[in-house]
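Below is run-v7.cif, holding mmCIF, C-alpha atoms.
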data_run
#
loop_
_atom_site.label_atom_id
_atom_site.label_comp_id
_atom_site.auth_asym_id
_atom_site.auth_seq_id
_atom_site.Cartn_x
_atom_site.Cartn_y
_atom_site.Cartn_z
CA ALA A 1 -0.13 -15.20 -8.52
CA ASP A 2 -3.36 -16.95 -7.59
CA THR A 3 -3.88 -20.65 -8.27
CA VAL A 4 -7.36 -22.08 -8.80
CA THR A 5 -8.24 -25.76 -9.18
CA VAL A 6 -10.49 -26.37 -12.16
CA THR A 7 -12.61 -29.46 -12.78
CA GLN A 8 -14.61 -29.89 -15.98
CA THR A 9 -16.88 -32.79 -16.86
CA SER A 10 -18.01 -33.34 -20.44
CA GLY A 11 -19.67 -36.50 -21.63
CA SER A 12 -17.64 -39.46 -20.49
CA ILE A 13 -14.45 -37.63 -19.41
CA THR A 14 -13.49 -35.45 -16.48
CA ALA A 15 -10.62 -32.95 -16.77
CA SER A 16 -9.01 -31.41 -13.71
CA GLY A 17 -6.00 -29.22 -13.15
CA SER A 18 -4.84 -25.85 -11.84
CA VAL A 19 -4.79 -22.46 -13.51
CA GLU A 20 -2.21 -19.93 -12.33
CA PHE A 21 -3.23 -16.33 -12.87
CA VAL A 22 -0.27 -14.05 -13.58
CA ASP A 23 -0.79 -10.47 -14.80
CA GLY A 24 -0.39 -10.35 -18.55
CA ALA A 25 1.41 -13.68 -18.80
CA ALA A 26 0.56 -16.78 -20.78
CA VAL A 27 0.56 -19.73 -18.39
CA THR A 28 0.79 -23.32 -19.59
CA THR A 29 -0.70 -25.71 -17.06
CA PRO A 30 -0.74 -29.54 -17.15
CA VAL A 31 -4.23 -31.00 -17.16
CA THR A 32 -4.91 -34.64 -16.39
CA VAL A 33 -7.82 -36.15 -18.25
CA GLY A 34 -9.21 -39.23 -16.54
CA ALA A 35 -11.99 -41.64 -17.19
CA GLY A 36 -15.44 -40.28 -16.48
CA SER A 37 -18.63 -42.09 -15.73
CA GLY A 38 -18.50 -43.74 -19.14
CA GLY A 39 -15.03 -45.23 -18.61
CA GLY A 40 -12.12 -44.77 -20.99
CA SER A 41 -8.40 -44.12 -20.79
CA SER A 42 -6.37 -41.35 -19.12
CA SER A 43 -4.00 -38.90 -20.78
CA THR A 44 -2.15 -35.68 -19.94
CA SER A 45 -2.28 -32.51 -22.03
CA SER A 46 -1.52 -28.85 -21.44
CA SER A 47 -3.41 -25.62 -22.00
CA THR A 48 -2.34 -21.99 -22.35
CA THR A 49 -4.30 -19.22 -20.67
CA THR A 50 -3.58 -15.52 -21.15
CA VAL A 51 -4.80 -13.26 -18.34
CA PRO A 52 -5.08 -9.50 -19.01
CA ALA A 53 -2.63 -7.34 -17.05
CA PHE A 54 -4.00 -5.38 -14.09
CA VAL A 55 -4.84 -1.86 -15.21
CA PRO A 56 -4.97 0.51 -12.23
CA THR A 57 -7.68 3.17 -12.08
CA VAL A 58 -8.34 5.60 -9.25
CA GLY A 59 -11.00 4.27 -6.90
CA ALA A 60 -10.63 0.65 -8.02
CA THR A 61 -9.69 -2.20 -5.71
CA GLY A 62 -5.97 -2.90 -5.83
CA PRO A 63 -4.03 -6.17 -5.62
CA GLY A 64 -3.66 -5.71 -1.86
CA GLY A 65 -7.40 -5.39 -1.28
CA GLY A 66 -7.16 -1.64 -0.73
CA THR A 67 -8.03 1.28 -3.02
CA ILE A 68 -6.00 2.77 -5.87
CA ILE A 69 -5.57 6.44 -4.92
CA ALA A 70 -3.27 7.73 -7.66
CA VAL A 71 -2.08 6.65 -11.12
CA PHE A 72 0.93 8.36 -12.73
CA GLU A 73 1.60 8.84 -16.45
CA THR A 74 5.35 8.60 -15.90
CA PRO A 75 6.63 5.49 -14.07
CA PHE A 76 8.70 6.15 -10.95
CA ALA A 77 11.44 4.27 -9.10
CA CYS A 78 10.11 2.40 -6.09
CA GLY A 79 10.73 -0.50 -3.73
CA PRO A 80 13.21 -0.96 -0.89
CA THR A 81 16.21 -0.19 -3.09
CA LEU A 82 14.44 1.93 -5.75
CA ALA A 83 15.29 -0.76 -8.28
CA ALA A 84 11.66 -1.44 -9.24
CA THR A 85 9.36 0.70 -11.40
CA CYS A 86 5.83 1.62 -10.32
CA THR A 87 2.90 3.53 -11.79
CA TYR A 88 0.30 3.71 -9.00
CA LEU A 89 -0.31 4.00 -5.27
CA GLU A 90 -2.72 1.82 -3.31
CA MET A 91 -3.85 2.63 0.22
CA ALA A 92 -4.91 0.07 2.82
CA ALA A 93 -8.62 -0.44 3.34
CA ALA A 94 -10.42 1.36 6.16
CA ASN A 95 -10.07 -0.44 9.50
CA TRP A 96 -6.91 -2.08 8.17
CA GLN A 97 -5.63 -2.51 11.71
CA GLN A 98 -8.28 -5.20 12.26
CA HIS A 99 -6.53 -7.36 9.65
CA PRO A 100 -4.98 -10.53 11.17
CA SER A 101 -1.50 -9.17 10.46
CA ILE A 102 -2.18 -6.37 12.97
CA GLY A 103 -4.90 -7.95 15.11
CA SER A 104 -6.32 -4.78 16.65
CA SER A 105 -9.98 -4.23 17.51
CA GLU A 106 -9.69 -0.47 16.91
CA THR A 107 -11.84 1.30 14.36
CA GLY A 108 -10.52 4.17 12.29
CA ASP A 109 -6.89 4.88 11.54
CA PRO A 110 -4.84 4.39 14.72
CA ALA A 111 -2.79 7.20 16.25
CA ARG A 112 0.74 6.33 17.34
CA SER A 113 4.13 7.95 17.81
CA TRP A 114 6.45 7.88 14.79
CA SER A 115 8.93 5.35 16.19
CA GLY A 116 10.05 3.71 19.40
CA ASP A 117 13.07 6.03 19.48
CA THR A 118 11.83 9.59 19.08
CA GLY A 119 15.11 11.36 19.83
CA THR A 120 17.55 9.87 17.32
CA SER A 121 17.86 10.40 13.58
CA VAL A 122 17.18 7.22 11.60
CA GLY A 123 19.50 8.37 8.83
CA GLU A 124 18.60 9.31 5.27
CA THR A 125 14.90 9.60 4.42
CA ASN A 126 13.31 11.29 1.43
CA ASN A 127 9.98 12.99 0.75
CA ASP A 128 9.91 12.08 -2.96
CA LEU A 129 7.42 9.82 -4.70
CA GLY A 130 8.59 6.20 -4.55
CA HIS A 131 10.70 6.58 -1.41
CA GLY A 132 8.13 5.53 1.20
CA TYR A 133 9.13 1.85 1.22
CA ARG A 134 12.84 2.69 1.59
CA ASN A 135 12.11 5.29 4.29
CA THR A 136 10.01 2.85 6.30
CA GLU A 137 12.65 0.14 6.10
CA THR A 138 15.12 2.72 7.45
CA ILE A 139 12.80 3.58 10.34
CA VAL A 140 12.26 -0.06 11.30
CA LEU A 141 15.95 -0.92 11.00
CA ALA A 142 16.83 1.97 13.33
CA ASP A 143 14.21 0.94 15.92
CA GLY A 144 11.91 -2.06 15.59
CA THR A 145 9.59 -1.26 18.49
CA ALA A 146 6.20 -2.73 17.63
CA ASN A 147 2.97 -0.76 17.44
CA ARG A 148 4.52 2.48 16.16
CA ALA A 149 3.80 4.28 12.89
CA GLY A 150 6.66 2.75 10.92
CA THR A 151 6.47 -0.77 12.32
CA LEU A 152 2.67 -0.96 12.05
CA ALA A 153 2.73 0.09 8.40
CA ARG A 154 5.42 -2.48 7.54
CA ALA A 155 3.66 -5.25 9.50
CA TYR A 156 0.45 -4.92 7.51
CA ASN A 157 0.06 -7.58 4.80
CA GLY A 158 -3.34 -6.97 3.26
CA GLY A 159 -3.96 -9.12 0.21
CA GLY A 160 -1.11 -11.35 1.33
CA LEU A 161 1.34 -8.67 0.15
CA THR A 162 4.27 -7.63 2.32
CA ASP A 163 5.28 -4.41 0.56
CA TRP A 164 3.13 -1.97 2.56
CA PHE A 165 4.79 1.07 4.08
CA LEU A 166 4.36 4.50 5.67
CA PRO A 167 4.05 7.02 2.80
CA SER A 168 6.73 9.55 1.93
CA GLY A 169 5.78 13.23 1.87
CA ASP A 170 4.78 13.14 -1.81
CA GLU A 171 2.87 9.91 -1.31
CA LEU A 172 1.07 11.34 1.72
CA ASN A 173 0.17 14.37 -0.41
CA GLU A 174 -1.59 12.01 -2.86
CA LEU A 175 -3.35 10.26 0.03
CA CYS A 176 -4.52 13.65 1.31
CA LYS A 177 -5.85 14.66 -2.11
CA TYR A 178 -7.72 11.38 -2.48
CA ALA A 179 -9.14 11.66 1.05
CA LEU A 180 -10.41 15.18 0.30
CA GLN A 181 -11.74 14.16 -3.14
CA GLN A 182 -9.22 16.19 -5.13
CA THR A 183 -7.52 15.08 -8.36
CA THR A 184 -4.50 12.86 -7.79
CA GLY A 185 -1.59 11.72 -9.95
CA ASP A 186 0.57 14.86 -10.01
CA VAL A 187 2.87 15.40 -7.02
CA ALA A 188 3.47 19.01 -8.12
CA VAL A 189 -0.13 19.77 -7.09
CA SER A 190 -0.51 20.09 -3.33
CA CYS A 191 -3.43 18.97 -1.20
CA VAL A 192 -5.49 22.01 -0.19
CA ALA A 193 -8.37 22.92 2.10
CA SER A 194 -11.22 21.99 -0.23
CA GLY A 195 -13.49 19.03 -0.76
CA SER A 196 -15.27 16.85 1.76
CA LEU A 197 -13.44 14.11 3.64
CA ARG A 198 -14.22 10.59 2.44
CA SER A 199 -15.59 8.09 4.93
CA GLY A 200 -12.97 5.91 6.57
CA PHE A 201 -10.59 8.79 7.24
CA THR A 202 -10.15 10.94 10.33
CA ALA A 203 -10.00 14.74 10.18
CA ALA A 204 -6.54 14.83 11.75
CA SER A 205 -2.84 14.84 10.91
CA TYR A 206 -1.27 11.73 9.33
CA TRP A 207 2.34 10.61 9.52
CA SER A 208 4.76 10.42 6.62
CA SER A 209 7.93 8.31 6.72
CA ALA A 210 10.26 11.29 6.20
CA GLU A 211 12.03 12.83 9.16
CA THR A 212 13.12 16.44 9.46
CA SER A 213 15.63 15.98 12.27
CA ALA A 214 16.42 13.66 15.16
CA THR A 215 13.19 14.65 16.90
CA LEU A 216 10.92 15.89 14.08
CA ALA A 217 9.12 14.33 11.08
CA TRP A 218 6.68 15.35 8.36
CA THR A 219 2.91 15.13 8.75
CA ARG A 220 -0.02 16.36 6.69
CA SER A 221 -3.44 17.43 7.94
CA LEU A 222 -6.58 15.96 6.41
CA THR A 223 -8.46 18.88 7.93
CA ASN A 224 -6.92 21.58 5.73
CA GLY A 225 -4.36 19.73 3.60
CA ALA A 226 -1.42 21.55 5.16
CA PRO A 227 1.95 19.81 5.61
CA SER A 228 4.20 20.28 8.63
CA ASN A 229 7.89 19.52 8.98
CA VAL A 230 8.08 20.41 12.67
CA THR A 231 5.96 17.62 14.13
CA THR A 232 7.57 16.01 17.16
CA LYS A 233 8.09 12.28 16.63
CA ALA A 234 6.80 11.56 20.14
CA GLU A 235 3.37 13.00 19.26
CA THR A 236 0.63 10.58 18.22
CA HIS A 237 -0.76 11.04 14.72
CA ARG A 238 -2.80 8.87 12.37
CA ILE A 239 -1.44 6.08 10.18
CA ARG A 240 -2.60 4.71 6.82
CA PRO A 241 -0.27 2.26 5.04
CA VAL A 242 0.19 2.45 1.27
CA ARG A 243 1.97 0.36 -1.34
CA ALA A 244 3.23 1.11 -4.85
CA GLY A 245 2.79 -1.09 -7.90
#
Re-express the file's structure as structure tokens.
Amino acid sequence: ADTVTVTQTSGSITASGSVEFVDGAAVTTPVTVGAGSGGGSSSTSSSTTTVPAFVPTVGATGPGGGTIIAVFETPFACGPTLAATCTYLEMAAANWQQHPSIGSSETGDPARSWSGDTGTSVGETNNDLGHGYRNTETIVLADGTANRAGTLARAYNGGGLTDWFLPSGDELNELCKYALQQTTGDVAVSCVASGSLRSGFTAASYWSSAETSATLAWTRSLTNGAPSNVTTKAETHRIRPVRAG
């Protein structure tokens, strides 16, 4: 929620208060009315403001200051425990690593190894839509070494939001399709070698948060759209955080 202080002067009175913006909710906010330039008494009243719910559309700016890359007709389970329900994916803005939460001077998506421990299985990860947050939490819990793919994605807090993560395989597929200007929103449709790469991306392989084995994890190429499940975790590949809402 965002809170904005509002001051209104009309005739001899001045009204001031705060308005809290909450998606789709009616918010009642106390407003103190004091004497204006013409004098008078003070009183307190309340007002109700209804703010339209955020409606995600592909290409629009998301709540985290990034870009909406996919919107799904059927809601999917999401969040760290899969207890939430989401309908869209938002990717971090280009040069996200220059955000204060990361503090890097690099340009373009950074290339890092998958984790600080590249020879041990982190446990259960999943390529399905909605599992990226849970996967990334699993990676970080297993090894919290800073400045790696998993820890960098979780550390990002664009828009003041702390639910960014390294995408699952399905989520990375949607990122690939958006990057190559293909239609998104259906995980059954794979990213392919067509379309021109949007600015802000690198023609290279990007990490997912799903491992294949103790030493291997999934990546997907933004050069030809191809996935790989035999990428060595110690290799350095590109990172772009996403979030689901």
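In this comparison, which uses all atoms listed in the file, the residue of A:Gly144, A:Gly130, A:Gly108, A:Pro80 approaching A:Gly169 most closely is A:Gly130.
Atom CA of A:Thr184 to atom CA of A:Leu89 spans 10.1 Å [interatomic distance, one decimal].
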message: Using only C-alpha atoms, can you tell me which of A:Trp207, A:Phe72, A:Phe201, A:Phe54 comes closest to A:Trp114?
response: A:Trp207
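Between atom CA of A:Thr223 and atom CA of A:Lys177 the separation is 11.2 Å.
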Contacts of A:Ala226 at 8 Å (all atoms listed in the file; same-chain gap of 5+ positions) as a VMD selection string: chain A and resid 191 to 193 220 to 221
